[in-house]
Each structure stands twice: as C-alpha cells, then as structure tokens.
>>> print(open('coords_30.csv').read())   # CSV, C-alpha atoms
chain,number,residue,atom,x,y,z
A,21,MET,CA,96.0,115.3,96.7
A,22,GLN,CA,95.8,119.0,97.4
A,23,THR,CA,94.9,118.3,101.0
A,24,VAL,CA,98.0,116.1,101.4
A,25,LEU,CA,100.2,118.8,100.0
A,26,HIS,CA,98.6,121.4,102.2
A,27,ALA,CA,99.2,119.2,105.3
A,28,ALA,CA,102.8,118.6,104.3
A,29,ALA,CA,103.3,122.3,103.9
A,30,MET,CA,102.0,122.9,107.4
A,31,VAL,CA,104.5,120.5,108.9
A,32,PRO,CA,107.3,122.6,110.4
A,33,LEU,CA,110.6,121.9,108.7
A,34,SER,CA,112.5,121.6,112.0
A,35,ILE,CA,112.9,119.4,115.1
A,36,PRO,CA,111.3,121.1,118.2
A,37,SER,CA,113.0,120.7,121.6
A,38,PRO,CA,110.9,119.4,124.5
A,39,SER,CA,109.2,121.9,126.7
A,40,TRP,CA,110.1,120.0,129.8
A,41,SER,CA,113.2,118.3,131.2
A,42,GLY,CA,111.8,116.4,134.1
A,43,PHE,CA,109.2,116.2,136.8
A,44,ASP,CA,108.9,116.5,140.6
A,45,ILE,CA,107.8,113.9,143.1
A,46,PRO,CA,106.4,115.3,146.3
A,47,LEU,CA,107.9,113.9,149.5
A,48,PRO,CA,107.2,114.7,153.2
A,49,TRP,CA,110.4,116.7,153.4
A,50,GLY,CA,110.2,118.4,150.0
A,51,THR,CA,110.3,117.3,146.4
A,52,LEU,CA,112.5,114.9,144.4
A,53,ARG,CA,113.4,116.1,141.0
A,54,ILE,CA,113.5,113.4,138.3
A,55,HIS,CA,115.5,114.6,135.3
A,56,ALA,CA,114.7,113.4,131.8
A,57,TYR,CA,118.5,113.2,131.2
A,58,ALA,CA,118.9,110.8,134.1
A,59,LEU,CA,116.0,108.7,132.8
A,60,CYS,CA,117.6,108.4,129.3
A,61,ILE,CA,120.9,107.3,130.8
A,62,LEU,CA,119.1,104.8,133.0
A,63,ALA,CA,117.1,103.5,130.0
A,64,GLY,CA,120.3,103.2,128.0
A,65,ILE,CA,122.0,101.2,130.8
A,66,ILE,CA,119.0,98.8,131.1
A,67,VAL,CA,118.6,98.2,127.3
A,68,GLY,CA,122.4,97.8,126.9
A,69,LEU,CA,122.5,95.3,129.8
A,70,TRP,CA,119.6,93.4,128.2
A,71,LEU,CA,121.5,92.9,124.9
A,72,THR,CA,124.7,92.1,126.8
A,73,SER,CA,123.0,89.6,129.0
A,74,ALA,CA,121.6,87.7,125.9
A,75,ARG,CA,125.1,87.6,124.3
A,76,TRP,CA,126.8,86.7,127.6
A,77,LYS,CA,124.6,83.7,128.0
A,78,GLN,CA,125.4,82.6,124.4
A,79,ARG,CA,129.1,82.7,125.3
A,80,GLY,CA,128.4,80.1,128.1
A,81,ALA,CA,129.4,82.5,130.9
A,82,PRO,CA,128.5,81.6,134.5
A,83,GLU,CA,124.9,82.6,135.4
A,84,GLY,CA,124.8,85.8,137.4
A,85,SER,CA,128.3,86.9,136.6
A,86,LEU,CA,127.1,89.8,134.4
A,87,TRP,CA,125.5,91.5,137.4
A,88,ASP,CA,128.7,90.9,139.5
A,89,ILE,CA,130.5,92.8,136.8
A,90,ALA,CA,127.9,95.5,136.3
A,91,ILE,CA,127.8,96.6,139.9
A,92,TRP,CA,131.5,97.6,139.5
A,93,ALA,CA,131.5,98.8,135.9
A,94,ILE,CA,128.5,101.1,135.9
A,95,PRO,CA,129.4,103.3,138.9
A,96,PHE,CA,133.0,103.4,137.8
A,97,GLY,CA,131.8,104.4,134.3
A,98,ILE,CA,129.6,107.2,135.5
A,99,ILE,CA,132.3,108.6,137.7
A,100,GLY,CA,134.8,108.4,134.9
A,101,GLY,CA,132.5,110.0,132.4
A,102,ARG,CA,131.8,112.9,134.7
A,103,LEU,CA,135.5,113.4,135.4
A,104,TYR,CA,136.3,113.4,131.7
A,105,HIS,CA,133.6,116.0,131.0
A,106,VAL,CA,134.9,118.3,133.8
A,107,PHE,CA,138.4,117.9,132.4
A,108,SER,CA,137.4,118.6,128.8
A,109,SER,CA,135.0,121.5,129.6
A,110,PRO,CA,136.6,123.1,132.7
A,111,ASP,CA,135.3,126.7,132.5
A,112,ALA,CA,132.0,126.2,134.3
A,113,TYR,CA,133.8,124.5,137.2
A,114,PHE,CA,137.1,126.3,137.5
A,115,GLY,CA,136.5,129.5,135.5
A,116,PRO,CA,138.0,130.6,132.2
A,117,GLY,CA,141.7,129.9,132.3
A,118,PHE,CA,141.3,128.3,135.7
A,119,ASP,CA,140.9,131.8,137.3
A,120,GLY,CA,138.8,130.4,140.1
A,121,THR,CA,135.6,132.0,139.1
A,122,GLY,CA,133.8,128.7,138.4
A,123,ASP,CA,131.5,126.8,140.6
A,124,LEU,CA,133.0,123.5,142.0
A,125,SER,CA,129.6,122.5,143.5
A,126,LEU,CA,128.4,121.8,139.9
A,127,ILE,CA,130.9,118.9,139.5
A,128,PRO,CA,128.7,116.2,141.2
A,129,GLN,CA,125.5,117.5,139.6
A,130,ILE,CA,125.3,114.9,136.9
A,131,GLN,CA,121.6,115.5,136.3
A,132,ARG,CA,122.5,118.8,134.6
A,133,GLY,CA,124.2,116.8,131.9
A,134,GLY,CA,127.8,116.2,131.0
A,135,LEU,CA,129.3,112.7,130.7
A,136,GLY,CA,132.4,112.1,128.6
A,137,ILE,CA,132.3,108.7,126.9
A,138,TRP,CA,136.0,108.1,127.0
A,139,GLY,CA,136.2,108.7,130.7
A,140,ALA,CA,133.2,106.3,131.1
A,141,VAL,CA,134.9,103.6,128.9
A,142,ILE,CA,138.3,103.8,130.6
A,143,LEU,CA,137.2,103.9,134.2
A,144,GLY,CA,134.3,101.6,133.4
A,145,ALA,CA,136.8,99.1,132.0
A,146,VAL,CA,138.7,99.3,135.3
A,147,GLY,CA,135.5,98.5,137.2
A,148,ALA,CA,134.7,95.7,134.7
A,149,TRP,CA,138.2,94.2,135.3
A,150,ILE,CA,137.5,94.1,139.1
A,151,GLY,CA,134.2,92.4,138.5
A,152,CYS,CA,135.6,89.9,136.0
A,153,ARG,CA,138.4,88.9,138.4
A,154,ARG,CA,135.8,88.3,141.2
A,155,ALA,CA,133.6,86.4,138.9
A,156,GLY,CA,136.4,84.3,137.4
A,157,VAL,CA,135.9,85.4,133.7
A,158,LYS,CA,138.1,87.0,131.1
A,159,LEU,CA,137.9,90.8,130.7
A,160,THR,CA,138.4,90.4,126.9
A,161,ALA,CA,135.5,88.0,126.6
A,162,PHE,CA,133.3,90.5,128.5
A,163,LEU,CA,134.4,93.5,126.4
A,164,ASP,CA,133.6,91.6,123.2
A,165,THR,CA,130.2,90.6,124.5
A,166,ALA,CA,129.3,94.1,125.8
A,167,ALA,CA,130.5,96.2,122.8
A,168,PRO,CA,127.2,96.2,120.9
A,169,GLY,CA,125.3,96.8,124.1
A,170,LEU,CA,127.6,99.7,125.0
A,171,LEU,CA,126.9,101.4,121.7
A,172,LEU,CA,123.2,100.8,122.1
A,173,ALA,CA,123.3,102.4,125.6
A,174,GLN,CA,125.1,105.4,124.1
A,175,ALA,CA,122.5,105.8,121.4
A,176,ILE,CA,119.6,106.0,123.9
A,177,GLY,CA,121.6,108.1,126.3
A,178,ARG,CA,122.0,110.8,123.6
A,179,LEU,CA,118.3,111.6,123.9
A,180,GLY,CA,119.1,113.2,127.3
A,181,ASN,CA,121.0,116.0,125.4
A,182,TRP,CA,117.8,116.6,123.5
A,183,PHE,CA,115.8,117.1,126.7
A,184,ASN,CA,118.5,119.3,128.1
A,185,GLN,CA,118.7,121.3,124.9
A,186,GLU,CA,122.5,121.0,124.9
A,187,LEU,CA,125.4,119.9,122.8
A,188,PHE,CA,123.8,120.9,119.5
A,189,GLY,CA,125.7,121.9,116.4
A,190,ALA,CA,126.3,125.0,114.3
A,191,PRO,CA,123.4,126.9,112.7
A,192,THR,CA,121.8,125.2,109.7
A,193,THR,CA,119.0,125.7,107.2
A,194,LEU,CA,118.4,122.0,106.7
A,195,PRO,CA,114.8,120.8,107.1
A,196,TRP,CA,115.8,118.7,110.2
A,197,GLY,CA,117.3,121.7,112.0
A,198,LEU,CA,116.9,121.7,115.8
A,199,GLN,CA,114.9,124.4,117.6
A,200,ILE,CA,116.4,125.7,120.8
A,201,ASP,CA,114.4,127.9,123.3
A,202,PRO,CA,115.9,131.4,123.1
A,203,ALA,CA,115.4,131.7,126.8
A,204,ASN,CA,117.5,128.6,127.5
A,205,ALA,CA,120.9,129.2,129.0
A,206,ASN,CA,122.5,127.1,126.2
A,207,PHE,CA,121.2,129.3,123.4
A,208,PRO,CA,124.2,131.1,121.8
A,209,ALA,CA,124.2,134.8,122.5
A,210,GLY,CA,123.7,137.2,119.6
A,211,MET,CA,121.9,134.8,117.3
A,212,PRO,CA,118.3,135.3,116.0
A,213,ALA,CA,115.6,133.6,118.1
A,214,ASP,CA,114.5,131.5,115.1
A,215,THR,CA,117.9,130.1,114.4
A,216,LEU,CA,118.0,126.3,113.8
A,217,PHE,CA,121.0,124.1,114.7
A,218,HIS,CA,122.4,120.8,113.7
A,219,PRO,CA,120.8,118.1,115.9
A,220,THR,CA,124.1,116.4,116.7
A,221,PHE,CA,122.4,114.3,119.3
A,222,LEU,CA,120.3,112.8,116.5
A,223,TYR,CA,123.3,112.3,114.2
A,224,GLU,CA,125.1,110.3,116.9
A,225,LEU,CA,122.0,108.4,117.9
A,226,LEU,CA,121.5,107.2,114.3
A,227,TRP,CA,125.2,106.5,113.8
A,228,ASN,CA,125.3,104.4,117.0
A,229,LEU,CA,122.2,102.4,116.1
A,230,LEU,CA,123.7,101.6,112.7
A,231,GLY,CA,126.9,100.5,114.4
A,232,VAL,CA,125.0,98.1,116.7
A,233,GLY,CA,123.7,96.3,113.7
A,234,ILE,CA,127.1,96.3,112.0
A,235,LEU,CA,128.9,94.9,115.0
A,236,LEU,CA,126.3,92.2,115.5
A,237,MET,CA,126.4,91.2,111.9
A,238,LEU,CA,130.3,91.1,111.8
A,239,ASP,CA,130.5,89.2,115.1
A,240,ARG,CA,128.0,86.6,113.9
A,241,LYS,CA,130.1,86.0,110.7
A,242,PHE,CA,133.7,86.2,112.2
A,243,HIS,CA,133.2,85.3,115.9
A,244,PHE,CA,135.7,87.9,117.1
A,245,ARG,CA,137.8,87.0,120.2
A,246,TRP,CA,140.6,88.5,122.3
A,247,GLY,CA,138.8,91.9,122.6
A,248,ARG,CA,138.8,92.5,118.8
A,249,LEU,CA,135.1,93.3,118.7
A,250,PHE,CA,135.6,95.9,121.4
A,251,TRP,CA,138.4,97.6,119.4
A,252,LEU,CA,136.2,97.5,116.3
A,253,TYR,CA,133.6,99.3,118.3
A,254,ALA,CA,136.1,101.9,119.2
A,255,VAL,CA,137.1,102.3,115.5
A,256,TYR,CA,133.6,102.7,114.4
A,257,TYR,CA,132.4,105.0,117.1
A,258,THR,CA,135.4,107.4,116.8
A,259,LEU,CA,135.0,107.5,113.0
A,260,GLY,CA,131.6,109.1,113.5
A,261,ARG,CA,132.5,111.1,116.6
A,262,VAL,CA,135.2,113.1,114.7
A,263,TRP,CA,132.8,114.7,112.2
A,264,ILE,CA,129.9,115.0,114.7
A,265,GLU,CA,132.1,116.6,117.3
A,266,ALA,CA,133.4,119.0,114.7
A,267,LEU,CA,129.9,120.4,114.2
A,268,ARG,CA,129.3,121.3,117.8
A,269,ILE,CA,129.6,124.9,119.1
A,270,ASP,CA,129.3,124.4,122.8
A,271,ASP,CA,132.2,125.5,125.0
A,272,ALA,CA,135.0,122.9,125.1
A,273,GLU,CA,138.7,122.8,125.7
A,274,GLN,CA,140.6,123.8,122.5
A,275,ILE,CA,143.9,122.0,121.7
A,276,THR,CA,146.5,123.0,119.1
A,277,LEU,CA,148.4,120.1,117.4
A,278,PHE,CA,150.3,120.1,114.2
A,279,GLY,CA,149.3,123.7,113.6
A,280,LEU,CA,145.6,122.9,113.9
A,281,THR,CA,143.4,124.1,116.7
A,282,THR,CA,140.2,122.1,117.5
A,283,ARG,CA,138.2,120.6,120.3
A,284,LEU,CA,139.9,118.2,122.7
A,285,ASN,CA,137.3,115.5,121.9
A,286,VAL,CA,138.2,115.7,118.2
A,287,TRP,CA,141.8,115.0,118.9
A,288,THR,CA,140.9,112.3,121.4
A,289,SER,CA,138.7,110.6,118.8
A,290,ILE,CA,141.5,110.8,116.2
A,291,PHE,CA,144.1,109.2,118.5
A,292,VAL,CA,141.7,106.5,119.8
A,293,PHE,CA,140.7,105.7,116.2
A,294,ILE,CA,144.3,105.2,115.2
A,295,ALA,CA,145.2,103.2,118.3
A,296,ALA,CA,142.1,101.0,118.1
A,297,LEU,CA,142.7,100.2,114.4
A,298,LEU,CA,146.3,99.2,115.0
A,299,ILE,CA,145.3,97.0,117.9
A,300,PHE,CA,142.5,95.4,116.0
A,301,VAL,CA,144.8,94.5,113.1
A,302,ALA,CA,147.6,93.3,115.4
A,303,LEU,CA,145.2,91.0,117.2
A,304,GLY,CA,144.0,89.7,113.9
A,305,ARG,CA,147.5,88.5,113.0
A,306,ARG,CA,147.2,85.9,115.7
A,307,GLY,CA,145.3,83.7,113.3
A,308,ARG,CA,141.8,82.4,113.2
A,309,PRO,CA,140.1,82.4,116.6
A,310,VAL,CA,139.6,79.0,118.2
A,311,PRO,CA,136.6,78.1,120.4
A,312,ASP,CA,137.3,79.2,123.9
A,313,THR,CA,135.5,79.7,127.1
A,314,PRO,CA,134.9,83.0,128.9
A,315,TYR,CA,136.5,81.6,132.1
A,316,LEU,CA,139.8,82.6,133.5
A,317,LYS,CA,142.4,79.8,133.6
A,318,GLY,CA,141.9,77.6,136.6
A,319,ARG,CA,138.3,79.0,137.3
A,320,GLU,CA,136.5,76.7,134.8
A,321,PRO,CA,133.7,74.5,136.2
A,322,GLU,CA,134.3,70.8,136.0
A,323,GLU,CA,131.8,70.3,133.1
A,324,VAL,CA,133.8,72.5,130.7
A,325,VAL,CA,137.3,71.3,131.6
A,326,GLU,CA,138.6,69.1,128.8
A,327,LYS,CA,139.7,65.9,130.4
A,328,GLU,CA,142.6,64.1,128.8
A,329,PRO,CA,142.1,60.3,128.4
A,330,ALA,CA,143.9,58.5,131.2
A,331,THR,CA,146.4,55.9,129.9
A,332,VAL,CA,148.3,53.9,132.5
A,333,THR,CA,151.2,51.7,131.2
A,334,SER,CA,152.9,49.3,133.4
A,335,VAL,CA,156.4,48.5,132.2
A,336,THR,CA,158.7,46.0,133.9
A,337,SER,CA,162.2,44.9,133.1
A,338,HIS,CA,160.8,41.5,132.1
A,339,ASP,CA,158.5,43.2,129.6
A,340,VAL,CA,161.3,45.2,128.1
A,341,ASP,CA,163.6,42.2,127.8
A,342,ALA,CA,160.8,40.1,126.2
A,343,SER,CA,159.9,42.9,123.8
A,344,VAL,CA,163.5,43.4,122.7
A,345,SER,CA,164.2,39.7,122.5
A,346,ASP,CA,161.1,39.0,120.5
A,347,THR,CA,161.7,42.0,118.1
A,348,GLY,CA,165.3,40.9,117.5
A,349,SER,CA,164.2,37.4,116.8
A,350,ARG,CA,161.5,38.4,114.3
A,351,ASP,CA,163.8,40.9,112.5
A,352,ASN,CA,166.6,38.4,112.1
A,353,LEU,CA,164.7,35.3,111.1
A,354,ARG,CA,166.4,33.2,108.4
A,355,ASP,CA,164.5,30.2,107.1
A,356,ASN,CA,162.4,30.1,110.3
A,357,GLN,CA,165.5,29.9,112.5
A,358,SER,CA,166.3,32.6,115.0
A,359,ASP,CA,169.4,33.0,117.1
A,360,PRO,CA,170.0,36.6,118.2
A,361,GLY,CA,173.4,35.8,119.5
A,362,HIS,CA,174.7,34.7,116.1
A,363,VAL,CA,172.7,36.7,113.6
A,364,ASP,CA,175.8,37.5,111.6
A,365,GLU,CA,177.0,33.9,111.2
A,366,PRO,CA,176.6,32.2,107.9
A,367,GLN,CA,173.8,29.7,107.2
A,368,ASP,CA,176.1,26.6,107.6
A,369,ALA,CA,177.3,27.7,111.0
A,370,ALA,CA,173.7,28.1,112.1
A,371,GLY,CA,173.0,24.6,110.8
A,372,HIS,CA,175.8,23.0,112.8
A,373,SER,CA,174.8,24.8,115.9
A,374,ALA,CA,171.2,23.5,115.5
A,375,LYS,CA,172.6,19.9,115.1
A,376,ASP,CA,174.8,20.3,118.2
A,377,THR,CA,171.8,21.4,120.2
A,378,THR,CA,169.8,18.4,119.0
A,379,SER,CA,172.6,15.9,119.9
A,380,ALA,CA,172.9,17.4,123.4
A,381,ALA,CA,169.2,17.0,123.9
A,382,ASP,CA,169.3,13.4,122.8
A,383,ALA,CA,172.2,12.6,125.2
A,384,THR,CA,170.3,14.1,128.1
A,385,SER,CA,167.2,12.0,127.3
A,386,ALA,CA,169.4,8.9,127.1
A,387,ALA,CA,171.0,9.6,130.5
A,388,THR,CA,167.5,10.1,132.1
A,389,ALA,CA,166.3,6.8,130.6
A,390,VAL,CA,169.3,5.0,132.1
A,391,ARG,CA,168.6,6.4,135.6
A,392,LYS,CA,165.0,5.3,135.4
A,393,ALA,CA,165.8,1.8,134.1
A,394,PRO,CA,165.6,-1.2,136.4
A,395,GLY,CA,168.8,-2.1,138.1
A,396,SER,CA,170.0,1.5,138.5
A,397,SER,CA,171.5,2.7,141.8
A,398,PRO,CA,169.2,3.5,144.7
A,399,LYS,CA,170.8,6.9,145.0
A,400,ALA,CA,169.8,7.8,141.5
A,401,ASP,CA,166.2,6.6,142.2
A,402,ASP,CA,165.8,9.0,145.1
A,403,THR,CA,166.7,12.1,143.0
A,404,LYS,CA,163.8,14.5,142.6
>>> encode(input="coords_30.csv", output="structure tokens")
Amino acid sequence: MQTVLHAAAMVPLSIPSPSWSGFDIPLPWGTLRIHAYALCILAGIIVGLWLTSARWKQRGAPEGSLWDIAIWAIPFGIIGGRLYHVFSSPDAYFGPGFDGTGDLSLIPQIQRGGLGIWGAVILGAVGAWIGCRRAGVKLTAFLDTAAPGLLLAQAIGRLGNWFNQELFGAPTTLPWGLQIDPANANFPAGMPADTLFHPTFLYELLWNLLGVGILLMLDRKFHFRWGRLFWLYAVYYTLGRVWIEALRIDDAEQITLFGLTTRLNVWTSIFVFIAALLIFVALGRRGRPVPDTPYLKGREPEEVVEKEPATVTSVTSHDVDASVSDTGSRDNLRDNQSDPGHVDEPQDAAGHSAKDTTSAADATSAATAVRKAPGSSPKADDTK
C-alpha cells in the first residue's frame, strides 16, 4: 500500500505539453515539414467523415454523394475557418490597431494554427450546398446527418492546440493544470516558469465528445429532420464554448456590448446560441417529422418515387343516362312499379297507366296475328 501511495505521490499533478510539434521528411530538393496540428485536423476530418458516412447510408442517400459534397465542403470550411481566425485575431497579421506592422505572409500558414470554427461552419455550409445541389440531395438532410461527425472532428482537431502549446487558459493550481514551455513564444510574458494553465483544449475536447453521444442518442429517439439536429449541435457547442472561451488568455479581438467588454468569440457564441435555439424551437412547431428522403424534389431515383395507383374510368353519355335512370327508378319504386316520369302521381293513376299499356300491347299483338293469318293481303305478307 505504501508503494502505491509513494508512486501516486511521484506522479506530477499537471499535464505536460509535447516536446515536439511535427517531423521532417527529406526530399531531393529539401525537406517537407509535417506539423502535428495538421495531422490532428486531418485525423478529425477522416473520423468525422467515417461517422457521417455511416449515418448518411442509413438515411438512404445515393452512394458516393457524401464524397461529392465533401470535396466542396472541406476546402471551403478550411478557408472560412482561417479567414475567421484572421478577422478575430488580427494583430499578428495587420499589427495592433491595424497599424501595418503585422506580417501578411502569415495568413496562409495554417500549419501554425488558427482556424475559427464559425468561419469553417459558415463557408463550409456554402461548399456543402454546392455539393448537395450537384448530387441532388437536400442540404438540411446532410447537415442533420453530419452534425455529430462535425462535433467529433472538432474534438480530435483540438489536440492540435496541445501540440502547438496554444490557446490555453488562465493560470490555475488545479491538478490537471497544463505545462507550457517557458521558451515557447506563446508563454505569457512576466509569469513564473512553473506556472500551470487551464487546458482549454482538453475541456473542449471532452465537451465535444460528450456532445457527440448526446446528439446521437437524441436523434435516435426523435429522428430530427429539417436541419433541427444541426441547430441543436449549434446550441450545445456554443453553450460550452462561452465558458471555455472566457477562460482563455491568448490575444483576441475585444468587443464592448451592453457595457461589457469581452472576446469576440464569446459574443459570437452567445448570439449563435440564441439564434440556434430560436430556430430549433421554430422548426419544432411544424409538428412531428414524417418519413422523408434526402433527395431534392425531382431528383429521386425511380425506386423511391411513390407511384399513385392508376385508375382509368371510361364514362359515356349512355353510361351516365343509364346510371341516372336506374337510380331514379330504384329510389322511386312503389309496390315494385317504377315510372320516373310520373313519380308524383297517386297510386290509382299509376294503376290506370299500367292497364292502358297492357291494352295497347294486346291490340298490337292482335293486329300482328291478323296480318299473319291465312287470307291476308299479299302486301302485308311481304312486310319485313
């Protein structure tokens, strides 16, 4: 027991940062630097696509359409994420107060870190819309399918901040405090070398993984449609991002609203949270979702188009007259006698009419018999 306690006491009460952030691949014309940050982003994309692919297949989407969408959404998302980061943290690129002392050549150097999720989501959605139109599927169906995979990709991608020793939080004495190399350019000036910081990358990673499980569970139970699962993803993510972002101490654009000055990403998360919650509730008022297909209208394959039973009815004037006459006769029968033309006459009148008809028939039969009898005129015999 004492050995166990001694070993536990020797375990450092902190999270060390990696001693490397990538490796070099020798080439005939030089070396190719592979950054751990880029590998984490790539791993996140692959795992997120794997989860999305499984869910997309369950929705009955056309085979191969996911990749048609991904080739548009992923590049657009990376570009959008980088642009949002440059906009939200402009000092390194344009200088403090946009005084021109920054380095514009750093903007395309994504391997150094810096991708803003909201730029990635917005511009990535534009790319996804293009891909969906080309593949003949609904954007809302794809967003609902991809929401858990997107959150999973974000969780894995956060490991890149750990390798880069960036985007950590304020100093802390908690046992899971993060060590940062004092020689690293991101180490805050003026702080003791043994200072520990909140591992905000870990907080967001765990928050996102928990969210993946929640989204999958809720979708299995409620079968969200019309983009509701995507908006629920936005509600959940921003709820965690507000408090995680508030812990960070890296340079960021500060915005003052309602007398409160805080980071741009905090305000963005608050507004996105409110908007996403309202949209989620509004879409829910449409009623219970009905089974639908991921296809755009008019782009469904023949096997999923609901065919209405073909009923061909031939109606002629004879049919209509017979139907009406027969109906009128049945509706106005009196003692098994029917005369639509005199349905309002009393019973006696109907009886006289029947007798007259019988007498006329008898007279006609008698006349015929006379013509056929022997001794009748030849002219009558030739009648046909």
>>> residues_around(input="coords_30.csv", residues="A:Gln78", least_positions_apart="5", cutoff="12 Å", atoms="only C-alpha atoms", output="list in words")
Leu71, Thr72, Ser73, Glu83, Ala161, Phe162, Thr165, Arg240, His243, Thr313 and Pro314 of chain A
>>> residues_around(input="coords_30.csv", residues="A:Trp227", least_positions_apart="4", cutoff="8 Å", atoms="only C-alpha atoms", output="VMD selection string")
chain A and resid 223 231 260
>>> residues_around(input="coords_30.csv", residues="A:Ala295", least_positions_apart="4", cutoff="9 Å", atoms="all atoms listed in the file", output="PyMOL selection string")
chain A and resi 251+255+290-291+299-300
>>> atom_distance(input="coords_30.csv", atom1="atom CA of A:Arg132", atom2="atom CA of A:Val262")
24.3 Å
>>> closest_residue(input="coords_30.csv", among="A:Met211, A:Ala93, A:Ile35, A:Ile54", to="A:Leu143", atoms="all atoms listed in the file")
A:Ala93
>>> residues_around(input="coords_30.csv", residues="A:Phe221", least_positions_apart="5", cutoff="12 Å", atoms="only C-alpha atoms", output="ChimeraX atom specification")
/A:35,37,174-189,197-198,226-228,261,264-265,267-268
>>> atom_distance(input="coords_30.csv", atom1="atom CA of A:Arg154", atom2="atom CA of A:Ala254")
25.9 Å
>>> atom_distance(input="coords_30.csv", atom1="atom CA of A:Asp214", atom2="atom CA of A:Trp40")
19.2 Å
>>> closest_residue(input="coords_30.csv", among="A:Val157, A:Val141, A:Ala63, A:Ala112", to="A:Pro321", atoms="only C-alpha atoms")
A:Val157
>>> residues_around(input="coords_30.csv", residues="A:Ala74", least_positions_apart="2", cutoff="12 Å", atoms="only C-alpha atoms", output="list in words")
Val67, Gly68, Leu69, Trp70, Leu71, Thr72, Trp76, Lys77, Gln78, Arg79, Gly80, Ala81, Glu83, Leu86, Thr165, Ala166, Pro168 and Gly169 of chain A
>>> closest_residue(input="coords_30.csv", among="A:Leu280, A:Leu297, A:Ile200, A:Ala155", to="A:Ala90", atoms="only C-alpha atoms")
A:Ala155
